[in-house]
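Colleague: You'll find input-v4.cif just under this line, and it carries mmCIF, N, CA and C atoms.
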data_entry
loop_
_atom_site.label_atom_id
_atom_site.label_comp_id
_atom_site.auth_asym_id
_atom_site.auth_seq_id
_atom_site.Cartn_x
_atom_site.Cartn_y
_atom_site.Cartn_z
N MET A 8 25.07 -4.21 7.99
CA MET A 8 23.94 -4.79 8.68
C MET A 8 24.40 -6.03 9.43
N ASP A 9 23.91 -6.16 10.64
CA ASP A 9 24.19 -7.35 11.43
C ASP A 9 22.93 -8.20 11.48
N ILE A 10 23.10 -9.52 11.33
CA ILE A 10 21.98 -10.45 11.39
C ILE A 10 22.36 -11.57 12.35
N VAL A 11 21.52 -11.78 13.37
CA VAL A 11 21.71 -12.86 14.31
C VAL A 11 20.53 -13.80 14.17
N VAL A 12 20.81 -15.09 13.93
CA VAL A 12 19.76 -16.08 13.72
C VAL A 12 19.56 -16.88 14.99
N HIS A 13 18.29 -16.99 15.41
CA HIS A 13 17.91 -17.78 16.57
C HIS A 13 16.91 -18.84 16.16
N GLU A 14 17.01 -20.01 16.75
CA GLU A 14 15.97 -21.03 16.54
C GLU A 14 14.82 -20.71 17.46
N ALA A 15 13.60 -21.00 17.00
CA ALA A 15 12.41 -20.75 17.80
C ALA A 15 11.49 -21.96 17.74
N ASP A 16 10.42 -21.92 18.50
CA ASP A 16 9.43 -23.00 18.47
C ASP A 16 8.75 -23.06 17.11
N ALA A 17 7.98 -24.10 16.89
CA ALA A 17 7.19 -24.29 15.66
C ALA A 17 8.08 -24.38 14.42
N GLY A 18 9.34 -24.81 14.58
CA GLY A 18 10.23 -24.95 13.44
C GLY A 18 10.59 -23.64 12.77
N ALA A 19 10.53 -22.58 13.54
CA ALA A 19 10.78 -21.24 12.98
C ALA A 19 12.20 -20.78 13.30
N ALA A 20 12.65 -19.81 12.53
CA ALA A 20 13.91 -19.13 12.77
C ALA A 20 13.61 -17.65 12.90
N VAL A 21 14.23 -17.00 13.88
CA VAL A 21 14.07 -15.56 14.07
C VAL A 21 15.39 -14.90 13.69
N LEU A 22 15.32 -13.97 12.74
CA LEU A 22 16.49 -13.21 12.33
C LEU A 22 16.41 -11.82 12.94
N GLU A 23 17.30 -11.53 13.88
CA GLU A 23 17.36 -10.20 14.48
C GLU A 23 18.30 -9.36 13.64
N CYS A 24 17.76 -8.33 13.02
CA CYS A 24 18.53 -7.49 12.11
C CYS A 24 18.75 -6.12 12.72
N SER A 25 19.92 -5.56 12.48
CA SER A 25 20.21 -4.20 12.93
C SER A 25 21.10 -3.52 11.90
N GLY A 26 20.97 -2.21 11.83
CA GLY A 26 21.74 -1.45 10.86
C GLY A 26 20.87 -0.95 9.73
N ARG A 27 21.38 -1.06 8.53
CA ARG A 27 20.68 -0.57 7.34
C ARG A 27 20.41 -1.73 6.39
N LEU A 28 19.15 -1.86 5.98
CA LEU A 28 18.78 -2.87 4.98
C LEU A 28 18.64 -2.13 3.66
N ASN A 29 19.75 -2.11 2.91
CA ASN A 29 19.79 -1.31 1.68
C ASN A 29 20.50 -2.09 0.57
N MET A 30 20.85 -1.39 -0.47
CA MET A 30 21.47 -1.99 -1.64
C MET A 30 22.73 -2.77 -1.27
N VAL A 31 23.48 -2.30 -0.31
CA VAL A 31 24.72 -2.94 0.09
C VAL A 31 24.47 -4.22 0.88
N SER A 32 23.51 -4.19 1.80
CA SER A 32 23.29 -5.33 2.69
C SER A 32 22.22 -6.30 2.22
N ALA A 33 21.40 -5.92 1.24
CA ALA A 33 20.31 -6.79 0.77
C ALA A 33 20.80 -8.16 0.29
N PRO A 34 21.89 -8.25 -0.47
CA PRO A 34 22.35 -9.58 -0.89
C PRO A 34 22.71 -10.49 0.29
N THR A 35 23.35 -9.95 1.30
CA THR A 35 23.68 -10.74 2.49
C THR A 35 22.42 -11.20 3.20
N PHE A 36 21.43 -10.31 3.28
CA PHE A 36 20.16 -10.67 3.90
C PHE A 36 19.51 -11.83 3.14
N ARG A 37 19.46 -11.72 1.82
CA ARG A 37 18.86 -12.79 1.00
C ARG A 37 19.59 -14.11 1.19
N GLU A 38 20.91 -14.06 1.22
CA GLU A 38 21.71 -15.28 1.41
C GLU A 38 21.44 -15.91 2.77
N THR A 39 21.30 -15.09 3.78
CA THR A 39 21.03 -15.60 5.13
C THR A 39 19.67 -16.29 5.17
N VAL A 40 18.67 -15.67 4.60
CA VAL A 40 17.34 -16.28 4.58
C VAL A 40 17.37 -17.56 3.75
N ALA A 41 18.05 -17.55 2.61
CA ALA A 41 18.15 -18.75 1.78
C ALA A 41 18.81 -19.89 2.54
N LYS A 42 19.83 -19.60 3.32
CA LYS A 42 20.50 -20.63 4.11
C LYS A 42 19.57 -21.18 5.18
N VAL A 43 18.85 -20.30 5.87
CA VAL A 43 17.91 -20.73 6.91
C VAL A 43 16.83 -21.63 6.30
N VAL A 44 16.27 -21.20 5.18
CA VAL A 44 15.22 -21.99 4.51
C VAL A 44 15.81 -23.30 3.99
N GLY A 45 17.01 -23.24 3.43
CA GLY A 45 17.68 -24.45 2.94
C GLY A 45 17.99 -25.44 4.04
N ASP A 46 18.18 -24.94 5.25
CA ASP A 46 18.44 -25.81 6.41
C ASP A 46 17.16 -26.39 6.99
N GLY A 47 16.00 -26.12 6.36
CA GLY A 47 14.75 -26.73 6.78
C GLY A 47 13.85 -25.86 7.64
N ARG A 48 14.19 -24.59 7.80
CA ARG A 48 13.32 -23.70 8.57
C ARG A 48 12.64 -22.73 7.60
N SER A 49 11.48 -23.14 7.11
CA SER A 49 10.79 -22.32 6.12
C SER A 49 9.89 -21.27 6.78
N ARG A 50 9.75 -21.33 8.09
CA ARG A 50 9.01 -20.29 8.83
C ARG A 50 10.05 -19.30 9.36
N VAL A 51 10.02 -18.11 8.80
CA VAL A 51 11.06 -17.11 9.09
C VAL A 51 10.42 -15.86 9.67
N VAL A 52 10.93 -15.42 10.81
CA VAL A 52 10.53 -14.15 11.41
C VAL A 52 11.71 -13.20 11.30
N VAL A 53 11.47 -12.03 10.74
CA VAL A 53 12.52 -11.02 10.60
C VAL A 53 12.22 -9.89 11.56
N GLU A 54 13.04 -9.78 12.59
CA GLU A 54 12.87 -8.77 13.63
C GLU A 54 13.63 -7.52 13.20
N LEU A 55 12.89 -6.42 12.97
CA LEU A 55 13.49 -5.23 12.36
C LEU A 55 13.51 -4.00 13.27
N SER A 56 13.41 -4.19 14.57
CA SER A 56 13.41 -3.03 15.47
C SER A 56 14.75 -2.30 15.44
N GLY A 57 15.84 -2.99 15.11
CA GLY A 57 17.15 -2.37 15.06
C GLY A 57 17.55 -1.84 13.70
N VAL A 58 16.65 -1.90 12.74
CA VAL A 58 16.94 -1.40 11.39
C VAL A 58 16.49 0.05 11.30
N GLU A 59 17.47 0.95 11.22
CA GLU A 59 17.13 2.37 11.21
C GLU A 59 16.82 2.88 9.81
N PHE A 60 17.17 2.12 8.78
CA PHE A 60 16.91 2.57 7.41
C PHE A 60 16.72 1.38 6.49
N MET A 61 15.70 1.47 5.63
CA MET A 61 15.48 0.45 4.60
C MET A 61 15.09 1.17 3.32
N ASP A 62 15.71 0.77 2.20
CA ASP A 62 15.37 1.36 0.91
C ASP A 62 14.65 0.32 0.05
N SER A 63 14.47 0.64 -1.23
CA SER A 63 13.75 -0.27 -2.12
C SER A 63 14.48 -1.59 -2.31
N SER A 64 15.80 -1.60 -2.23
CA SER A 64 16.56 -2.85 -2.33
C SER A 64 16.27 -3.74 -1.12
N GLY A 65 16.17 -3.13 0.05
CA GLY A 65 15.82 -3.88 1.25
C GLY A 65 14.41 -4.44 1.17
N LEU A 66 13.49 -3.62 0.65
CA LEU A 66 12.11 -4.09 0.46
C LEU A 66 12.07 -5.25 -0.52
N GLY A 67 12.85 -5.14 -1.59
CA GLY A 67 12.93 -6.24 -2.56
C GLY A 67 13.50 -7.50 -1.95
N ALA A 68 14.47 -7.35 -1.06
CA ALA A 68 15.05 -8.51 -0.38
C ALA A 68 14.02 -9.18 0.51
N LEU A 69 13.18 -8.39 1.19
CA LEU A 69 12.12 -8.97 2.02
C LEU A 69 11.12 -9.74 1.17
N VAL A 70 10.72 -9.14 0.04
CA VAL A 70 9.74 -9.79 -0.84
C VAL A 70 10.34 -11.07 -1.44
N GLY A 71 11.59 -11.02 -1.89
CA GLY A 71 12.24 -12.21 -2.43
C GLY A 71 12.38 -13.31 -1.39
N SER A 72 12.65 -12.91 -0.15
CA SER A 72 12.77 -13.88 0.93
C SER A 72 11.41 -14.48 1.29
N LEU A 73 10.37 -13.67 1.21
CA LEU A 73 9.01 -14.17 1.42
C LEU A 73 8.70 -15.25 0.39
N LYS A 74 9.04 -14.98 -0.86
CA LYS A 74 8.80 -15.94 -1.94
C LYS A 74 9.57 -17.24 -1.69
N ALA A 75 10.83 -17.13 -1.27
CA ALA A 75 11.64 -18.33 -1.00
C ALA A 75 11.04 -19.14 0.13
N ALA A 76 10.59 -18.47 1.19
CA ALA A 76 9.99 -19.18 2.32
C ALA A 76 8.69 -19.87 1.91
N ARG A 77 7.88 -19.19 1.13
CA ARG A 77 6.59 -19.78 0.70
C ARG A 77 6.81 -20.94 -0.27
N GLN A 78 7.81 -20.85 -1.13
CA GLN A 78 8.09 -21.95 -2.04
C GLN A 78 8.54 -23.20 -1.28
N ALA A 79 9.10 -22.99 -0.09
CA ALA A 79 9.54 -24.11 0.75
C ALA A 79 8.42 -24.58 1.68
N GLY A 80 7.22 -24.03 1.52
CA GLY A 80 6.08 -24.44 2.33
C GLY A 80 5.90 -23.66 3.61
N GLY A 81 6.60 -22.54 3.76
CA GLY A 81 6.53 -21.75 4.98
C GLY A 81 6.00 -20.35 4.73
N ASP A 82 6.52 -19.41 5.50
CA ASP A 82 6.09 -18.03 5.40
C ASP A 82 7.17 -17.14 6.01
N LEU A 83 7.09 -15.86 5.74
CA LEU A 83 8.00 -14.88 6.34
C LEU A 83 7.15 -13.81 6.99
N ARG A 84 7.50 -13.47 8.22
CA ARG A 84 6.76 -12.46 8.96
C ARG A 84 7.72 -11.41 9.49
N ILE A 85 7.21 -10.20 9.64
CA ILE A 85 8.00 -9.07 10.14
C ILE A 85 7.62 -8.85 11.60
N ALA A 86 8.63 -8.70 12.44
CA ALA A 86 8.39 -8.42 13.85
C ALA A 86 9.02 -7.08 14.22
N ALA A 87 8.28 -6.30 14.99
CA ALA A 87 8.77 -5.04 15.57
C ALA A 87 9.47 -4.13 14.57
N PRO A 88 8.81 -3.78 13.46
CA PRO A 88 9.49 -2.90 12.52
C PRO A 88 9.72 -1.52 13.13
N SER A 89 10.87 -0.94 12.83
CA SER A 89 11.14 0.43 13.29
C SER A 89 10.18 1.38 12.57
N ASP A 90 10.11 2.61 13.04
CA ASP A 90 9.18 3.57 12.44
C ASP A 90 9.45 3.77 10.96
N GLN A 91 10.72 3.89 10.59
CA GLN A 91 11.07 4.12 9.18
C GLN A 91 10.69 2.91 8.33
N VAL A 92 10.95 1.70 8.82
CA VAL A 92 10.61 0.48 8.08
C VAL A 92 9.09 0.37 7.94
N GLU A 93 8.37 0.65 9.02
CA GLU A 93 6.91 0.59 8.97
C GLU A 93 6.36 1.58 7.96
N MET A 94 6.95 2.77 7.88
CA MET A 94 6.52 3.77 6.92
C MET A 94 6.72 3.26 5.49
N ILE A 95 7.87 2.65 5.21
CA ILE A 95 8.15 2.11 3.88
C ILE A 95 7.15 1.00 3.53
N LEU A 96 6.88 0.13 4.49
CA LEU A 96 5.92 -0.96 4.25
C LEU A 96 4.53 -0.41 3.92
N LYS A 97 4.11 0.63 4.63
CA LYS A 97 2.79 1.20 4.39
C LYS A 97 2.73 1.97 3.07
N LEU A 98 3.77 2.78 2.79
CA LEU A 98 3.77 3.55 1.55
C LEU A 98 3.78 2.67 0.31
N SER A 99 4.40 1.51 0.42
CA SER A 99 4.47 0.59 -0.71
C SER A 99 3.31 -0.42 -0.72
N ASN A 100 2.44 -0.33 0.27
CA ASN A 100 1.33 -1.28 0.46
C ASN A 100 1.80 -2.70 0.72
N MET A 101 3.08 -2.87 1.04
CA MET A 101 3.59 -4.20 1.35
C MET A 101 3.16 -4.66 2.74
N ASP A 102 2.64 -3.74 3.56
CA ASP A 102 2.14 -4.13 4.87
C ASP A 102 0.92 -5.04 4.74
N LYS A 103 0.32 -5.09 3.55
CA LYS A 103 -0.81 -5.98 3.29
C LYS A 103 -0.33 -7.40 2.97
N ILE A 104 0.92 -7.52 2.51
CA ILE A 104 1.48 -8.82 2.12
C ILE A 104 2.40 -9.37 3.20
N LEU A 105 3.26 -8.52 3.74
CA LEU A 105 4.18 -8.92 4.79
C LEU A 105 3.52 -8.66 6.14
N ARG A 106 3.09 -9.72 6.80
CA ARG A 106 2.39 -9.56 8.09
C ARG A 106 3.36 -9.07 9.15
N THR A 107 2.92 -8.08 9.91
CA THR A 107 3.77 -7.54 10.97
C THR A 107 3.20 -7.92 12.34
N TYR A 108 4.11 -8.07 13.29
CA TYR A 108 3.77 -8.44 14.66
C TYR A 108 4.54 -7.52 15.60
N PRO A 109 4.03 -7.35 16.82
CA PRO A 109 4.72 -6.46 17.76
C PRO A 109 6.10 -6.96 18.18
N ASP A 110 6.30 -8.28 18.17
CA ASP A 110 7.61 -8.84 18.52
C ASP A 110 7.74 -10.25 17.93
N GLY A 111 8.94 -10.79 18.01
CA GLY A 111 9.21 -12.11 17.44
C GLY A 111 8.40 -13.21 18.09
N ASP A 112 8.20 -13.13 19.40
CA ASP A 112 7.43 -14.16 20.10
C ASP A 112 5.99 -14.23 19.58
N ALA A 113 5.38 -13.08 19.34
CA ALA A 113 4.00 -13.04 18.83
C ALA A 113 3.91 -13.67 17.44
N ALA A 114 4.91 -13.43 16.60
CA ALA A 114 4.91 -13.99 15.26
C ALA A 114 5.06 -15.51 15.31
N VAL A 115 5.94 -16.00 16.18
CA VAL A 115 6.15 -17.45 16.31
C VAL A 115 4.93 -18.11 16.93
N THR A 116 4.37 -17.50 17.95
CA THR A 116 3.19 -18.06 18.64
C THR A 116 2.02 -18.22 17.68
N ASP A 117 1.88 -17.32 16.72
CA ASP A 117 0.78 -17.38 15.76
C ASP A 117 0.87 -18.65 14.91
N TRP A 118 2.06 -19.22 14.73
CA TRP A 118 2.22 -20.47 13.99
C TRP A 118 1.87 -21.70 14.85
N ALA A 119 2.11 -21.59 16.13
CA ALA A 119 1.96 -22.75 17.03
C ALA A 119 0.51 -23.17 17.19
#
Would it be possible to restate this file's structure as structure tokens?
Modeller:
Amino acid sequence: MDIVVHEADAGAAVLECSGRLNMVSAPTFRETVAKVVGDGRSRVVVELSGVEFMDSSGLGALVGSLKAARQAGGDLRIAAPSDQVEMILKLSNMDKILRTYPDGDAAVTDWA
């Protein structure tokens, strides 16, 4: 999995992810979010349009990262989930907890 971190308005960070968010890449994803939150950006947008596959480990990483962001006084939002990721979020009812947006700009603008 590749993760590119961008700074955004409203003190947010946008993580553009591509590849597979699974058992192998979930620890790296968690570490990246922890570093971003530790650096003072507790508002995290995870852009998932390039993620072609996510399993339960990836879902757990998203939930754990949401918890880390909220404990730091922020939030975590999902932007542009791929069809497979959106299906996993809906089947697990996590789409009710992890707010999704059509793109990263929409998620950041909602904070402003």
Colleague: How close does range 64-96 of chain A get to range 29-48 of chain A? List, as a Markdown table, each residue of range 64-96 of chain A within 7 Å, its nearest atom pair and the distance in Å to one decimal, counting all atoms listed in the file.
Modeller:
| residue | atom | partner | partner_atom | distance |
| --- | --- | --- | --- | --- |
| A:Ser64 | C | A:Asn29 | C | 4.8 |
| A:Gly65 | N | A:Asn29 | CA | 4.4 |
| A:Leu66 | N | A:Asn29 | CA | 6.8 |
| A:Ala68 | CA | A:Ala33 | CA | 5.7 |
| A:Gly71 | C | A:Arg37 | CA | 6.9 |
| A:Ser72 | CA | A:Arg37 | CA | 6.2 |
| A:Ala75 | C | A:Val44 | CA | 6.7 |
| A:Ala76 | CA | A:Val44 | CA | 6.3 |
| A:Gly81 | CA | A:Arg48 | C | 6.7 |
Colleague: Residues near Val115 in chain A, anyone? I mean within 7 Å using all atoms listed in the file, not counting same-chain ones fewer than 6 positions away, as a PyMOL selection string.
Modeller: chain A and resi 16-17+19+52
Colleague: Quick one: residues within 5 Å of Arg27 in chain A, all atoms listed in the file counted, chain neighbours fewer than 2 positions away excluded, as a list in words?
Modeller: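 In the requested format, the answer is Met8, Ser25, Asn29 and Phe60 of chain A.
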Colleague: Which residue, A:Ser99, A:Thr107, A:Thr116, A:Ser89, has the smallest gap to Gly67 in chain A when you use only C-alpha atoms?
Modeller: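 Between A:Ser99, A:Thr107, A:Thr116, A:Ser89, the residue approaching Gly67 in chain A most closely is A:Ser99.
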Colleague: Counting all atoms listed in the file, figure out which residue out of A:Asp9, A:Asp82, A:Glu14, A:Asp110 gets nearest to Ser49 in chain A.
Modeller: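 Going through A:Asp9, A:Asp82, A:Glu14, A:Asp110 one by one, the smallest distance to Ser49 in chain A is for A:Asp82.
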Colleague: Env of Ile10 in chain A: 8 Å cut, atoms = all atoms listed in the file, seq-sep filter 6 positions within chain, self excluded. Answer as JSON, numbers by chain.
Modeller: {"A": [21, 22, 23, 24, 25, 26, 36]}
Colleague: Could you state the separation of atom N of Glu54 in chain A and atom N of Ile85 in chain A in Å, given to one decimal place?
Modeller: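 We find that atom N of Glu54 in chain A and atom N of Ile85 in chain A lie 6.5 Å from each other.
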Colleague: Would you mind reading off the distance between atom N of Leu98 in chain A and atom C of Met61 in chain A, one decimal, in Å?
Modeller: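 These two atoms are separated by 11.4 Å.
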Colleague: Distance atom C of Gln91 in chain A-atom N of His13 in chain A, one decimal place?
Modeller: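 Between these atoms lies a distance of 22.4 Å.
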Colleague: For each of A:Gly18, A:Glu93, A:Met101, A:Tyr108, take the minimum atom-to-atom distance to Val70 in chain A, counting only C-alpha atoms, then give the residue where this is smallest.
Modeller: A:Met101
Colleague: Using only N, CA and C atoms, find the one residue out of A:Ala20, A:Pro109, A:Trp118, A:Leu28 that sits nearest to Pro88 in chain A.
Modeller: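 When distances to Pro88 in chain A are compared using only N, CA and C atoms, the smallest one comes from A:Pro109.
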Colleague: Could you find all residues in range 21-79 of chain A that DSSP calls strand (DSSP E) from the backbone, and write them as a PyMOL selection string?
Modeller: chain A and resi 21-28+50-61
Colleague: Point out the residue among A:Val51, A:Ala113, A:Ile95, A:Leu69 with the least atom-to-atom distance to Leu83 in chain A, counting all atoms listed in the file.
Modeller: A:Val51
Colleague: From the list A:Gln78, A:Asp117, A:Leu73, A:Glu59, which residue is nearest Leu105 in chain A when using all atoms listed in the file?
Modeller: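 Residue with the minimum atom-to-atom distance to Leu105 in chain A: A:Leu73.
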Colleague: Run DSSP on the backbone and tell me which residues of chain A come out as alpha helix (DSSP H); list them as a ChimeraX atom specification.
Modeller: /A:33-45,63-78,90-98,111-118
Colleague: Kindly reconstruct range 20-31 of chain A with all heavy atoms and present the result as a compact mmCIF listing (two decimals), keeping the file's coordinate frame.
Modeller:
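So part02.txt came out as:
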# COMPACT_ATOMS: atom_id res chain seq x y z
N ALA A 20 12.65 -19.81 12.53
CA ALA A 20 13.91 -19.13 12.77
C ALA A 20 13.61 -17.65 12.90
O ALA A 20 12.82 -17.10 12.13
CB ALA A 20 14.90 -19.38 11.64
N VAL A 21 14.23 -17.00 13.88
CA VAL A 21 14.07 -15.56 14.07
C VAL A 21 15.39 -14.90 13.69
O VAL A 21 16.44 -15.25 14.21
CB VAL A 21 13.70 -15.22 15.53
CG1 VAL A 21 13.61 -13.71 15.71
CG2 VAL A 21 12.38 -15.88 15.92
N LEU A 22 15.32 -13.97 12.74
CA LEU A 22 16.49 -13.21 12.33
C LEU A 22 16.41 -11.82 12.94
O LEU A 22 15.51 -11.05 12.60
CB LEU A 22 16.55 -13.08 10.80
CG LEU A 22 17.05 -14.26 10.00
CD1 LEU A 22 16.16 -15.47 10.13
CD2 LEU A 22 17.20 -13.88 8.55
N GLU A 23 17.30 -11.53 13.88
CA GLU A 23 17.36 -10.20 14.48
C GLU A 23 18.30 -9.36 13.64
O GLU A 23 19.50 -9.64 13.56
CB GLU A 23 17.85 -10.27 15.92
CG GLU A 23 16.84 -10.83 16.88
CD GLU A 23 17.34 -10.76 18.31
OE1 GLU A 23 18.00 -9.76 18.68
OE2 GLU A 23 17.07 -11.72 19.04
N CYS A 24 17.76 -8.33 13.02
CA CYS A 24 18.53 -7.49 12.11
C CYS A 24 18.75 -6.12 12.72
O CYS A 24 17.87 -5.57 13.38
CB CYS A 24 17.79 -7.34 10.79
SG CYS A 24 17.41 -8.90 9.97
N SER A 25 19.92 -5.56 12.48
CA SER A 25 20.21 -4.20 12.93
C SER A 25 21.10 -3.52 11.90
O SER A 25 21.85 -4.18 11.18
CB SER A 25 20.87 -4.21 14.31
OG SER A 25 22.09 -4.91 14.26
N GLY A 26 20.97 -2.21 11.83
CA GLY A 26 21.74 -1.45 10.86
C GLY A 26 20.87 -0.95 9.73
O GLY A 26 19.75 -0.51 9.95
N ARG A 27 21.38 -1.06 8.53
CA ARG A 27 20.68 -0.57 7.34
C ARG A 27 20.41 -1.73 6.39
O ARG A 27 21.33 -2.46 6.04
CB ARG A 27 21.53 0.49 6.65
CG ARG A 27 21.83 1.69 7.54
CD ARG A 27 22.87 2.60 6.95
NE ARG A 27 22.44 3.24 5.70
CZ ARG A 27 21.78 4.38 5.63
NH1 ARG A 27 21.45 5.03 6.72
NH2 ARG A 27 21.45 4.89 4.46
N LEU A 28 19.15 -1.86 5.98
CA LEU A 28 18.78 -2.87 4.98
C LEU A 28 18.64 -2.13 3.66
O LEU A 28 17.60 -1.56 3.34
CB LEU A 28 17.49 -3.58 5.38
CG LEU A 28 16.98 -4.71 4.48
CD1 LEU A 28 18.08 -5.71 4.16
CD2 LEU A 28 15.80 -5.41 5.10
N ASN A 29 19.75 -2.11 2.91
CA ASN A 29 19.79 -1.31 1.68
C ASN A 29 20.50 -2.09 0.57
O ASN A 29 20.71 -3.30 0.68
CB ASN A 29 20.48 0.03 1.95
CG ASN A 29 21.88 -0.13 2.48
OD1 ASN A 29 22.48 -1.20 2.42
ND2 ASN A 29 22.42 0.94 3.03
N MET A 30 20.85 -1.39 -0.47
CA MET A 30 21.47 -1.99 -1.64
C MET A 30 22.73 -2.77 -1.27
O MET A 30 23.02 -3.81 -1.86
CB MET A 30 21.81 -0.89 -2.66
CG MET A 30 22.40 -1.38 -3.94
SD MET A 30 22.66 -0.02 -5.09
CE MET A 30 24.17 0.67 -4.46
N VAL A 31 23.48 -2.30 -0.31
CA VAL A 31 24.72 -2.94 0.09
C VAL A 31 24.47 -4.22 0.88
O VAL A 31 25.11 -5.25 0.66
CB VAL A 31 25.59 -1.96 0.91
CG1 VAL A 31 26.83 -2.63 1.46
CG2 VAL A 31 25.96 -0.75 0.07
